[in-house]
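Okay, structure_9.cif is below, mmCIF, C-alpha atoms:
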```
data_my_file
loop_
_atom_site.group_PDB
_atom_site.id
_atom_site.type_symbol
_atom_site.label_atom_id
_atom_site.label_comp_id
_atom_site.auth_asym_id
_atom_site.auth_seq_id
_atom_site.Cartn_x
_atom_site.Cartn_y
_atom_site.Cartn_z
ATOM 1 C CA MET A 1 -32.418 27.629 3.989
ATOM 2 C CA THR A 2 -35.772 25.936 3.328
ATOM 3 C CA GLY A 3 -37.134 23.336 0.953
ATOM 4 C CA SER A 4 -38.340 26.111 -1.361
ATOM 5 C CA GLU A 5 -34.820 26.887 -2.638
ATOM 6 C CA SER A 6 -34.609 26.944 -6.415
ATOM 7 C CA PRO A 7 -32.608 24.223 -8.251
ATOM 8 C CA GLY A 8 -30.416 26.983 -9.660
ATOM 9 C CA LEU A 9 -29.512 28.226 -6.185
ATOM 10 C CA LYS A 10 -28.684 24.703 -5.043
ATOM 11 C CA THR A 11 -26.490 24.226 -8.096
ATOM 12 C CA MET A 12 -24.704 27.504 -7.401
ATOM 13 C CA MET A 13 -24.145 26.456 -3.791
ATOM 14 C CA LYS A 14 -22.716 23.100 -4.848
ATOM 15 C CA GLU A 15 -20.509 24.730 -7.443
ATOM 16 C CA GLY A 16 -19.340 27.201 -4.822
ATOM 17 C CA ILE A 17 -18.368 24.359 -2.499
ATOM 18 C CA VAL A 18 -16.440 22.656 -5.290
ATOM 19 C CA VAL A 19 -14.656 25.908 -6.151
ATOM 20 C CA ASP A 20 -13.778 26.454 -2.491
ATOM 21 C CA GLN A 21 -12.414 22.904 -2.233
ATOM 22 C CA GLN A 22 -10.363 23.351 -5.387
ATOM 23 C CA ARG A 23 -9.020 26.695 -4.164
ATOM 24 C CA SER A 24 -8.203 25.107 -0.815
ATOM 25 C CA ALA A 25 -6.326 22.285 -2.550
ATOM 26 C CA ARG A 26 -4.351 24.756 -4.670
ATOM 27 C CA GLU A 27 -3.277 26.546 -1.526
ATOM 28 C CA VAL A 28 -1.847 23.370 -0.003
ATOM 29 C CA ASP A 29 1.921 23.067 -0.103
ATOM 30 C CA ARG A 30 2.510 20.149 -2.458
ATOM 31 C CA SER A 31 5.924 19.409 -0.983
ATOM 32 C CA THR A 32 6.786 16.413 1.128
ATOM 33 C CA HIS A 33 8.286 16.510 4.574
ATOM 34 C CA PRO A 34 12.108 16.550 4.595
ATOM 35 C CA LEU A 35 13.378 13.233 3.226
ATOM 36 C CA SER A 36 16.726 11.648 3.974
ATOM 37 C CA THR A 37 18.116 10.013 0.834
ATOM 38 C CA PRO A 38 20.350 6.913 0.960
ATOM 39 C CA TYR A 39 23.299 9.233 0.365
ATOM 40 C CA GLY A 40 22.780 11.259 3.547
ATOM 41 C CA VAL A 41 21.271 14.332 1.891
ATOM 42 C CA GLU A 42 18.074 15.950 3.164
ATOM 43 C CA VAL A 43 15.671 16.899 0.380
ATOM 44 C CA ARG A 44 12.051 17.821 -0.200
ATOM 45 C CA ALA A 45 10.073 16.578 -3.189
ATOM 46 C CA ARG A 46 7.302 18.682 -4.732
ATOM 47 C CA LEU A 47 4.616 17.433 -7.094
ATOM 48 C CA VAL A 48 4.932 18.840 -10.609
ATOM 49 C CA THR A 49 2.112 16.693 -11.997
ATOM 50 C CA SER A 50 -0.740 14.906 -10.292
ATOM 51 C CA PRO A 51 -0.242 11.225 -9.402
ATOM 52 C CA THR A 52 -1.963 9.110 -12.032
ATOM 53 C CA TYR A 53 -2.258 5.686 -13.677
ATOM 54 C CA TRP A 54 -1.998 4.804 -17.322
ATOM 55 C CA ARG A 55 -2.432 1.524 -19.198
ATOM 56 C CA CYS A 56 -0.023 1.683 -22.118
ATOM 57 C CA GLU A 57 -1.682 1.171 -25.500
ATOM 58 C CA PRO A 58 -0.825 -2.036 -27.434
ATOM 59 C CA SER A 59 1.364 -0.124 -29.896
ATOM 60 C CA TRP A 60 2.947 2.056 -27.185
ATOM 61 C CA SER A 61 6.672 2.709 -27.137
ATOM 62 C CA TRP A 62 8.598 5.506 -25.481
ATOM 63 C CA HIS A 63 11.769 7.306 -26.485
ATOM 64 C CA ALA A 64 11.828 10.199 -24.060
ATOM 65 C CA ARG A 65 13.191 13.635 -24.685
ATOM 66 C CA PRO A 66 15.544 14.776 -21.904
ATOM 67 C CA LEU A 67 13.377 14.802 -18.796
ATOM 68 C CA PRO A 68 12.852 18.287 -17.310
ATOM 69 C CA ASP A 69 12.373 16.930 -13.785
ATOM 70 C CA TYR A 70 12.341 13.723 -11.743
ATOM 71 C CA LEU A 71 9.974 10.964 -12.858
ATOM 72 C CA LEU A 72 8.716 8.257 -10.498
ATOM 73 C CA TRP A 73 7.212 5.091 -11.957
ATOM 74 C CA TYR A 74 5.679 2.095 -10.238
ATOM 75 C CA VAL A 75 4.624 -0.843 -12.423
ATOM 76 C CA VAL A 76 1.374 -2.352 -11.203
ATOM 77 C CA ASP A 77 0.886 -4.937 -13.950
ATOM 78 C CA GLY A 78 2.144 -6.084 -17.315
ATOM 79 C CA SER A 79 5.492 -6.893 -18.889
ATOM 80 C CA GLY A 80 7.968 -4.627 -20.607
ATOM 81 C CA HIS A 81 11.468 -3.226 -20.642
ATOM 82 C CA ILE A 82 13.235 0.086 -20.198
ATOM 83 C CA THR A 83 16.754 1.159 -21.207
ATOM 84 C CA LEU A 84 18.950 4.022 -20.092
ATOM 85 C CA GLY A 85 22.587 4.500 -20.962
ATOM 86 C CA GLY A 86 22.782 1.071 -22.557
ATOM 87 C CA ARG A 87 21.414 -0.676 -19.429
ATOM 88 C CA ARG A 88 18.222 -2.568 -20.047
ATOM 89 C CA HIS A 89 15.853 -3.619 -17.268
ATOM 90 C CA ALA A 90 12.826 -5.886 -17.428
ATOM 91 C CA LEU A 91 9.607 -4.315 -16.175
ATOM 92 C CA ALA A 92 6.982 -6.295 -14.286
ATOM 93 C CA ALA A 93 4.639 -5.847 -11.341
ATOM 94 C CA GLY A 94 6.749 -4.477 -8.483
ATOM 95 C CA SER A 95 9.257 -2.568 -10.637
ATOM 96 C CA CYS A 96 9.915 0.913 -9.284
ATOM 97 C CA LEU A 97 11.971 3.548 -11.087
ATOM 98 C CA LEU A 98 13.093 7.081 -10.332
ATOM 99 C CA TYR A 99 14.594 9.008 -13.238
ATOM 100 C CA ALA A 100 16.517 12.270 -12.994
ATOM 101 C CA PRO A 101 16.365 15.481 -15.034
ATOM 102 C CA GLY A 102 18.204 14.983 -18.303
ATOM 103 C CA ASP A 103 17.603 11.222 -18.469
ATOM 104 C CA GLU A 104 16.359 9.882 -21.826
ATOM 105 C CA PRO A 105 14.857 6.459 -21.120
ATOM 106 C CA VAL A 106 13.642 4.212 -23.927
ATOM 107 C CA ALA A 107 10.840 1.750 -23.151
ATOM 108 C CA GLY A 108 8.505 -0.757 -24.716
ATOM 109 C CA HIS A 109 6.214 -3.576 -23.660
ATOM 110 C CA ASP A 110 4.489 -6.793 -24.655
ATOM 111 C CA PRO A 111 1.181 -5.725 -26.290
ATOM 112 C CA ARG A 112 -0.382 -8.937 -24.974
ATOM 113 C CA ARG A 113 0.607 -7.947 -21.408
ATOM 114 C CA ARG A 114 0.241 -4.194 -21.515
ATOM 115 C CA LEU A 115 1.984 -2.205 -18.823
ATOM 116 C CA LEU A 116 -0.133 -0.547 -16.148
ATOM 117 C CA VAL A 117 1.980 2.203 -14.605
ATOM 118 C CA PHE A 118 1.455 4.579 -11.706
ATOM 119 C CA GLY A 119 3.606 7.684 -11.658
ATOM 120 C CA MET A 120 4.180 11.406 -11.360
ATOM 121 C CA HIS A 121 6.746 14.110 -12.093
ATOM 122 C CA LEU A 122 8.626 15.652 -9.155
ATOM 123 C CA GLU A 123 10.860 18.553 -8.360
ATOM 124 C CA VAL A 124 13.478 17.747 -5.706
ATOM 125 C CA ARG A 125 15.329 20.429 -3.762
ATOM 126 C CA THR A 126 17.779 20.447 -0.880
ATOM 127 C CA ALA A 127 17.097 21.978 2.528
ATOM 128 C CA ASP A 128 18.321 25.403 1.345
ATOM 129 C CA GLY A 129 15.969 25.360 -1.649
ATOM 130 C CA THR A 130 18.499 24.666 -4.387
ATOM 131 C CA PRO A 131 17.868 21.878 -6.912
ATOM 132 C CA ALA A 132 19.160 18.563 -5.599
ATOM 133 C CA ALA A 133 21.994 16.883 -7.472
ATOM 134 C CA PRO A 134 20.659 13.730 -9.177
ATOM 135 C CA ALA A 135 23.521 11.694 -7.688
ATOM 136 C CA ASP A 136 22.102 12.530 -4.240
ATOM 137 C CA VAL A 137 18.582 11.364 -5.127
ATOM 138 C CA VAL A 138 18.400 8.603 -7.740
ATOM 139 C CA LEU A 139 19.940 5.147 -7.899
ATOM 140 C CA ALA A 140 22.746 4.500 -10.348
ATOM 141 C CA GLU A 141 20.570 1.813 -11.953
ATOM 142 C CA ARG A 142 17.433 3.977 -11.601
ATOM 143 C CA HIS A 143 15.492 0.722 -11.097
ATOM 144 C CA CYS A 144 14.575 -1.639 -8.278
ATOM 145 C CA ARG A 145 12.144 -4.528 -7.850
ATOM 146 C CA LEU A 146 10.318 -3.820 -4.592
ATOM 147 C CA ARG A 147 10.067 -6.685 -2.104
ATOM 148 C CA ASP A 148 6.526 -5.866 -1.000
ATOM 149 C CA PRO A 149 4.553 -5.132 -4.177
ATOM 150 C CA ALA A 150 1.237 -5.418 -2.332
ATOM 151 C CA LEU A 151 2.201 -2.541 -0.040
ATOM 152 C CA ALA A 152 3.503 -0.455 -2.946
ATOM 153 C CA ALA A 153 0.322 -1.046 -4.967
ATOM 154 C CA ALA A 154 -1.826 -0.042 -1.969
ATOM 155 C CA LEU A 155 0.223 3.145 -1.482
ATOM 156 C CA ALA A 156 -0.113 3.997 -5.173
ATOM 157 C CA SER A 157 -3.872 3.486 -5.057
ATOM 158 C CA ARG A 158 -4.301 5.651 -1.954
ATOM 159 C CA CYS A 159 -1.935 8.303 -3.339
ATOM 160 C CA ASP A 160 -4.023 8.603 -6.510
ATOM 161 C CA ALA A 161 -7.436 8.520 -4.807
ATOM 162 C CA ALA A 162 -6.486 10.956 -2.047
ATOM 163 C CA HIS A 163 -5.014 13.458 -4.502
ATOM 164 C CA ARG A 164 -8.087 13.310 -6.744
ATOM 165 C CA ARG A 165 -10.291 14.279 -3.781
ATOM 166 C CA GLY A 166 -8.768 17.733 -4.064
ATOM 167 C CA ASP A 167 -9.025 18.801 -0.427
ATOM 168 C CA ARG A 168 -6.213 19.617 1.979
ATOM 169 C CA LEU A 169 -6.346 16.305 3.824
ATOM 170 C CA GLY A 170 -6.357 14.390 0.559
ATOM 171 C CA VAL A 171 -3.333 16.224 -0.835
ATOM 172 C CA ARG A 172 -1.338 15.759 2.380
ATOM 173 C CA GLN A 173 -2.274 12.087 2.496
ATOM 174 C CA SER A 174 -1.184 11.708 -1.111
ATOM 175 C CA LEU A 175 2.189 13.261 -0.292
ATOM 176 C CA LEU A 176 2.674 10.893 2.642
ATOM 177 C CA CYS A 177 2.089 7.952 0.284
ATOM 178 C CA LEU A 178 4.663 9.424 -2.093
ATOM 179 C CA GLU A 179 7.175 9.697 0.754
ATOM 180 C CA GLN A 180 6.646 6.055 1.651
ATOM 181 C CA LEU A 181 7.058 4.929 -1.967
ATOM 182 C CA LEU A 182 10.362 6.796 -2.211
ATOM 183 C CA TYR A 183 11.593 5.247 1.033
ATOM 184 C CA LEU A 184 10.576 1.765 -0.151
ATOM 185 C CA LEU A 185 12.556 2.301 -3.340
ATOM 186 C CA TRP A 186 15.634 3.631 -1.567
ATOM 187 C CA ASP A 187 15.539 1.033 1.194
ATOM 188 C CA ASP A 188 15.030 -2.021 -1.012
ATOM 189 C CA ALA A 189 17.666 -0.836 -3.492
ATOM 190 C CA THR A 190 20.382 -0.167 -0.925
ATOM 191 C CA ARG A 191 19.823 -2.943 1.620
ATOM 192 C CA PRO A 192 20.577 -6.568 0.719
ATOM 193 C CA ALA A 193 17.563 -8.818 0.398
ATOM 194 C CA PRO A 194 17.142 -11.090 3.412
ATOM 195 C CA GLU A 195 18.182 -14.704 3.020
ATOM 196 C CA PRO A 196 15.390 -17.312 3.289
ATOM 197 C CA VAL A 197 16.483 -18.180 6.828
ATOM 198 C CA ASP A 198 16.395 -14.512 7.852
ATOM 199 C CA ALA A 199 12.926 -14.129 6.372
ATOM 200 C CA ALA A 200 11.769 -17.212 8.283
ATOM 201 C CA LEU A 201 13.259 -15.810 11.491
ATOM 202 C CA GLU A 202 11.372 -12.548 11.013
ATOM 203 C CA GLU A 203 8.129 -14.487 10.581
ATOM 204 C CA ILE A 204 8.835 -16.431 13.784
ATOM 205 C CA ILE A 205 9.651 -13.286 15.759
ATOM 206 C CA LEU A 206 6.445 -11.664 14.538
ATOM 207 C CA ALA A 207 4.408 -14.777 15.388
ATOM 208 C CA ILE A 208 5.775 -14.803 18.963
ATOM 209 C CA ARG A 209 4.988 -11.119 19.444
ATOM 210 C CA GLN A 210 1.487 -11.547 18.022
ATOM 211 C CA ASP A 211 0.623 -14.582 20.153
ATOM 212 C CA PRO A 212 2.912 -14.859 23.199
ATOM 213 C CA SER A 213 0.436 -17.075 25.045
ATOM 214 C CA HIS A 214 0.937 -19.892 22.521
ATOM 215 C CA ARG A 215 2.952 -22.888 23.726
ATOM 216 C CA TRP A 216 5.975 -22.294 21.519
ATOM 217 C CA SER A 217 8.861 -24.765 21.597
ATOM 218 C CA VAL A 218 12.381 -24.181 20.318
ATOM 219 C CA ALA A 219 12.283 -27.496 18.449
ATOM 220 C CA ASP A 220 9.106 -26.516 16.560
ATOM 221 C CA LEU A 221 10.469 -23.057 15.766
ATOM 222 C CA ALA A 222 13.758 -24.480 14.527
ATOM 223 C CA ALA A 223 11.854 -26.842 12.239
ATOM 224 C CA ARG A 224 10.257 -23.832 10.517
ATOM 225 C CA THR A 225 13.693 -22.639 9.437
ATOM 226 C CA ALA A 226 15.046 -26.094 8.461
ATOM 227 C CA LEU A 227 17.884 -25.556 10.935
ATOM 228 C CA SER A 228 19.072 -27.689 13.810
ATOM 229 C CA ARG A 229 18.075 -26.492 17.261
ATOM 230 C CA ALA A 230 21.616 -25.255 17.957
ATOM 231 C CA GLN A 231 21.903 -23.454 14.605
ATOM 232 C CA PHE A 232 18.482 -21.885 15.068
ATOM 233 C CA THR A 233 19.362 -20.641 18.554
ATOM 234 C CA ARG A 234 22.594 -19.054 17.296
ATOM 235 C CA ARG A 235 20.816 -17.290 14.430
ATOM 236 C CA PHE A 236 17.986 -16.195 16.735
ATOM 237 C CA ILE A 237 20.422 -14.685 19.252
ATOM 238 C CA ALA A 238 22.259 -12.889 16.441
ATOM 239 C CA ARG A 239 18.952 -11.362 15.312
ATOM 240 C CA THR A 240 17.348 -10.471 18.660
ATOM 241 C CA GLY A 241 20.211 -10.400 21.155
ATOM 242 C CA MET A 242 18.701 -13.134 23.323
ATOM 243 C CA PRO A 243 17.807 -16.859 23.201
ATOM 244 C CA PRO A 244 14.328 -17.877 21.982
ATOM 245 C CA ALA A 245 13.111 -18.868 25.462
ATOM 246 C CA ARG A 246 14.060 -15.496 26.950
ATOM 247 C CA TYR A 247 12.524 -13.644 24.018
ATOM 248 C CA LEU A 248 9.260 -15.521 24.564
ATOM 249 C CA ILE A 249 9.255 -14.669 28.285
ATOM 250 C CA ARG A 250 9.840 -11.013 27.511
ATOM 251 C CA ALA A 251 7.003 -11.042 24.960
ATOM 252 C CA ARG A 252 4.674 -12.562 27.561
ATOM 253 C CA ILE A 253 5.676 -10.039 30.229
ATOM 254 C CA ASP A 254 5.215 -7.150 27.773
ATOM 255 C CA ARG A 255 1.737 -8.453 27.027
ATOM 256 C CA ALA A 256 1.016 -8.900 30.746
ATOM 257 C CA ARG A 257 1.934 -5.255 31.394
ATOM 258 C CA ARG A 258 -0.531 -4.130 28.748
ATOM 259 C CA LEU A 259 -3.316 -6.351 30.068
ATOM 260 C CA LEU A 260 -2.757 -5.137 33.624
ATOM 261 C CA THR A 261 -2.743 -1.518 32.481
ATOM 262 C CA GLU A 262 -5.501 -1.518 29.879
ATOM 263 C CA THR A 263 -8.009 -4.073 31.187
ATOM 264 C CA ARG A 264 -9.739 -4.966 34.443
ATOM 265 C CA MET A 265 -8.334 -8.510 34.437
ATOM 266 C CA SER A 266 -6.894 -9.649 37.746
ATOM 267 C CA VAL A 267 -3.269 -10.742 38.106
ATOM 268 C CA SER A 268 -4.328 -14.393 38.244
ATOM 269 C CA GLN A 269 -6.478 -13.992 35.123
ATOM 270 C CA VAL A 270 -3.604 -12.379 33.224
ATOM 271 C CA ALA A 271 -1.228 -15.145 34.289
ATOM 272 C CA ALA A 272 -3.640 -17.847 33.174
ATOM 273 C CA THR A 273 -4.339 -16.069 29.897
ATOM 274 C CA LEU A 274 -0.634 -16.078 29.068
ATOM 275 C CA GLY A 275 -0.210 -19.786 29.819
ATOM 276 C CA TYR A 276 1.121 -19.632 33.392
ATOM 277 C CA THR A 277 -0.260 -22.341 35.689
ATOM 278 C CA ASP A 278 1.755 -21.157 38.692
ATOM 279 C CA LEU A 279 0.859 -17.631 39.820
ATOM 280 C CA ALA A 280 3.945 -17.321 42.032
ATOM 281 C CA TYR A 281 6.204 -18.279 39.108
ATOM 282 C CA PHE A 282 4.507 -15.667 36.915
ATOM 283 C CA SER A 283 4.972 -13.014 39.609
ATOM 284 C CA ARG A 284 8.679 -13.833 39.957
ATOM 285 C CA GLN A 285 9.241 -13.603 36.207
ATOM 286 C CA TYR A 286 7.274 -10.389 36.007
ATOM 287 C CA LYS A 287 9.339 -8.789 38.783
ATOM 288 C CA GLN A 288 12.586 -10.075 37.249
ATOM 289 C CA TYR A 289 11.814 -8.331 33.944
ATOM 290 C CA THR A 290 10.062 -5.182 35.178
ATOM 291 C CA GLY A 291 11.550 -4.571 38.614
ATOM 292 C CA HIS A 292 8.243 -4.664 40.472
ATOM 293 C CA SER A 293 5.375 -7.038 41.152
ATOM 294 C CA PRO A 294 2.333 -7.378 38.862
ATOM 295 C CA GLY A 295 0.165 -6.359 41.807
ATOM 296 C CA ARG A 296 1.794 -2.930 41.815
ATOM 297 C CA ARG A 297 0.910 -2.494 38.162
ATOM 298 C CA ARG A 298 -2.671 -3.479 38.883
ATOM 299 C CA ALA A 299 -2.966 -1.253 41.967
ATOM 300 C CA GLY A 300 -3.677 1.865 39.939
ATOM 301 C CA LEU A 301 -6.852 0.374 38.409
ATOM 302 C CA ALA A 302 -10.136 -0.388 40.116
ATOM 303 C CA GLU A 303 -10.953 -4.056 40.492
ATOM 304 C CA PRO A 304 -14.153 -5.205 38.786
ATOM 305 C CA PRO A 305 -17.132 -5.727 41.083
ATOM 306 C CA LEU A 306 -17.638 -9.225 42.456
#
```

Show the structure stored in the file as structure tokens.
Amino acid sequence: MTGSESPGLKTMMKEGIVVDQQRSAREVDRSTHPLSTPYGVEVRARLVTSPTYWRCEPSWSWHARPLPDYLLWYVVDGSGHITLGGRRHALAAGSCLLYAPGDEPVAGHDPRRRLLVFGMHLEVRTADGTPAAPADVVLAERHCRLRDPALAAALASRCDAAHRRGDRLGVRQSLLCLEQLLYLLWDDATRPAPEPVDAALEEIILAIRQDPSHRWSVADLAARTALSRAQFTRRFIARTGMPPARYLIRARIDRARRLLTETRMSVSQVAATLGYTDLAYFSRQYKQYTGHSPGRRRAGLAEPPL
């Protein structure tokens, strides 16, 4: 094609591309991968409607007719309430709900704090293609407050944007976000929330793994959890299967293995980087945890020029 193409031809070409993309999107299977529900049943969810957002109008209220399919809601913002079977739940940012066919929820909200909801209608079938029993899919309460609303909001945003793109990659990406939202709902609803000490322990474990070269001390780590050193050590062992000092050594050796494999750093440079002042001590610890010397790990890579 040359620069002399008519505007009409260009428009037709663009429209043709759009039509092809839309046709391609329609041909995509809008079903998720197999999902394992909390009740041990394998199902697949299929989009009945496109994922979308809506900001409820100030005078909005909802008394649903019996739902024809499953309805997933995630509340992004606002304040409201929803009732099903005489059970009333407050709605706020982080509320996630999955309703079953036949449910007749009743909802309302504070017009000064209007609900912003992300959601879609789903069809859910078992592995053999038959409609899934609601008791195998939805929670008895239908409602859960997710523990990581930032993650859920990001998944909702990507799910909506990817689906609106209309191409194959976008639709598949949207379905993956849907899968993750369903797993967040099921997981948070069926697993007890961690106690403050457990949450603090998880933060400590993550911090050690992220920065094993830091000069961590058991006393400082225990102080983060408001536990005595002995109590902290017991809780840490119960969570990881080993004392804090051994966990730190393992984290350092794991990092050393990566540095020796993926970089051109020498054994002495790796040891120093991870806080070891005695190369022989580092080598002994490395061999104790891996079964061979750090030099053997390094042997497969060329040394940098002097």

Can you list, as a CSV table (one decimal) with C-alpha atoms, in the coordinates of the input, the residues that the PyMOL selection byres ((chain A and resi 57) around 12) selects here?
```csv
chain,number,residue,atom,x,y,z
A,54,TRP,CA,-2.0,4.8,-17.3
A,55,ARG,CA,-2.4,1.5,-19.2
A,56,CYS,CA,0.0,1.7,-22.1
A,58,PRO,CA,-0.8,-2.0,-27.4
A,59,SER,CA,1.4,-0.1,-29.9
A,60,TRP,CA,2.9,2.1,-27.2
A,61,SER,CA,6.7,2.7,-27.1
A,62,TRP,CA,8.6,5.5,-25.5
A,78,GLY,CA,2.1,-6.1,-17.3
A,108,GLY,CA,8.5,-0.8,-24.7
A,109,HIS,CA,6.2,-3.6,-23.7
A,110,ASP,CA,4.5,-6.8,-24.7
A,111,PRO,CA,1.2,-5.7,-26.3
A,112,ARG,CA,-0.4,-8.9,-25.0
A,113,ARG,CA,0.6,-7.9,-21.4
A,114,ARG,CA,0.2,-4.2,-21.5
A,115,LEU,CA,2.0,-2.2,-18.8
A,116,LEU,CA,-0.1,-0.5,-16.1
A,117,VAL,CA,2.0,2.2,-14.6
```

Q.
For Ser293 in chain A, find every residue with an atom within 12 Å (counting all atoms listed in the file), except residues of its own chain fewer than 2 positions away, and show them as JSON, numbers by chain.
A. {"A": [253, 256, 257, 260, 267, 279, 280, 281, 282, 283, 284, 285, 286, 287, 288, 289, 290, 291, 295, 296, 297, 298, 299]}

Q: Taking the file above as input, evaluate the PyMOL selection byres ((chain A and resi 146) around 9) and report the hits as a list in words.
A: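 Residues picked by the PyMOL selection byres ((chain A and resi 146) around 9): Gly94, Ser95, Cys96, Cys144, Arg145, Arg147, Asp148, Pro149, Ala152, Leu184, Leu185, Asp188 and Ala189 of chain A.
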
Limited to C-alpha atoms, could you put the picked residues into a file as a tab-separated table (two decimals), in the coordinates of the input?
```
chain	number	residue	atom	x	y	z
A	94	GLY	CA	6.75	-4.48	-8.48
A	95	SER	CA	9.26	-2.57	-10.64
A	96	CYS	CA	9.91	0.91	-9.28
A	144	CYS	CA	14.58	-1.64	-8.28
A	145	ARG	CA	12.14	-4.53	-7.85
A	147	ARG	CA	10.07	-6.68	-2.10
A	148	ASP	CA	6.53	-5.87	-1.00
A	149	PRO	CA	4.55	-5.13	-4.18
A	152	ALA	CA	3.50	-0.46	-2.95
A	184	LEU	CA	10.58	1.76	-0.15
A	185	LEU	CA	12.56	2.30	-3.34
A	188	ASP	CA	15.03	-2.02	-1.01
A	189	ALA	CA	17.67	-0.84	-3.49
```

Q: Run the PyMOL selection byres ((chain A and resi 229-243) around 10) on the file and write out the hits as a VMD selection string.
A: chain A and resid 197 to 198 201 to 202 204 to 205 218 to 228 244 to 248

Store the residues of this selection in a file with C-alpha atoms, as a PDB file, in the frame of the given file.
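Just written: part_10.pdb:
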```pdb
ATOM      1  CA  VAL A 197      16.483 -18.180   6.828  1.00  0.00           C
ATOM      2  CA  ASP A 198      16.395 -14.512   7.852  1.00  0.00           C
ATOM      3  CA  LEU A 201      13.259 -15.810  11.491  1.00  0.00           C
ATOM      4  CA  GLU A 202      11.372 -12.548  11.013  1.00  0.00           C
ATOM      5  CA  ILE A 204       8.835 -16.431  13.784  1.00  0.00           C
ATOM      6  CA  ILE A 205       9.651 -13.286  15.759  1.00  0.00           C
ATOM      7  CA  VAL A 218      12.381 -24.181  20.318  1.00  0.00           C
ATOM      8  CA  ALA A 219      12.283 -27.496  18.449  1.00  0.00           C
ATOM      9  CA  ASP A 220       9.106 -26.516  16.560  1.00  0.00           C
ATOM     10  CA  LEU A 221      10.469 -23.057  15.766  1.00  0.00           C
ATOM     11  CA  ALA A 222      13.758 -24.480  14.527  1.00  0.00           C
ATOM     12  CA  ALA A 223      11.854 -26.842  12.239  1.00  0.00           C
ATOM     13  CA  ARG A 224      10.257 -23.832  10.517  1.00  0.00           C
ATOM     14  CA  THR A 225      13.693 -22.639   9.437  1.00  0.00           C
ATOM     15  CA  ALA A 226      15.046 -26.094   8.461  1.00  0.00           C
ATOM     16  CA  LEU A 227      17.884 -25.556  10.935  1.00  0.00           C
ATOM     17  CA  SER A 228      19.072 -27.689  13.810  1.00  0.00           C
ATOM     18  CA  PRO A 244      14.328 -17.877  21.982  1.00  0.00           C
ATOM     19  CA  ALA A 245      13.111 -18.868  25.462  1.00  0.00           C
ATOM     20  CA  ARG A 246      14.060 -15.496  26.950  1.00  0.00           C
ATOM     21  CA  TYR A 247      12.524 -13.644  24.018  1.00  0.00           C
ATOM     22  CA  LEU A 248       9.260 -15.521  24.564  1.00  0.00           C
TER      23      LEU A 248
END
```

Q.
Using only C-alpha atoms, which protein or nucleic acid residues come within 12 Å of Arg215 in chain A? Drop anything in the same chain fewer than 6 positions from it, and give the result as an MDAnalysis selection string.
A. chainID A and resid 207:208 221 245 248:249 252 273:276

Q.
What does the structure give for the distance between CA of Val41 in chain A and CA of Asp136 in chain A, in Å to one decimal?
A.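 Distance between the two atoms: 6.4 Å.
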
Please return the centre and edge lengths, in Å to one decimal, of a box with edges along x, y and z that contains all listed atoms of range 222-240 of chain A, widened by 5 Å on every side, as JSON.
```
{"center_x": 16.4, "center_y": -19.1, "center_z": 13.9, "size_x": 22.3, "size_y": 27.2, "size_z": 20.8}
```

**Q.** Counting all atoms listed in the file, the residue of A:Asp29, A:Glu203, A:Asp278, A:Glu42 that sits nearest Val137 in chain A
**A.**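 That would be A:Glu42, the residue with the smallest distance to Val137 in chain A.
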
**Q.** Contacts of Gly102 in chain A at 10 Å (all atoms listed in the file; same-chain gap of 4+ positions) as a ChimeraX atom specification
**A.** /A:64-70,134

Q: Work out how far CA of Met120 in chain A is from CA of Leu97 in chain A, in Å to one decimal.
A: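 So the answer is 11.1 Å.
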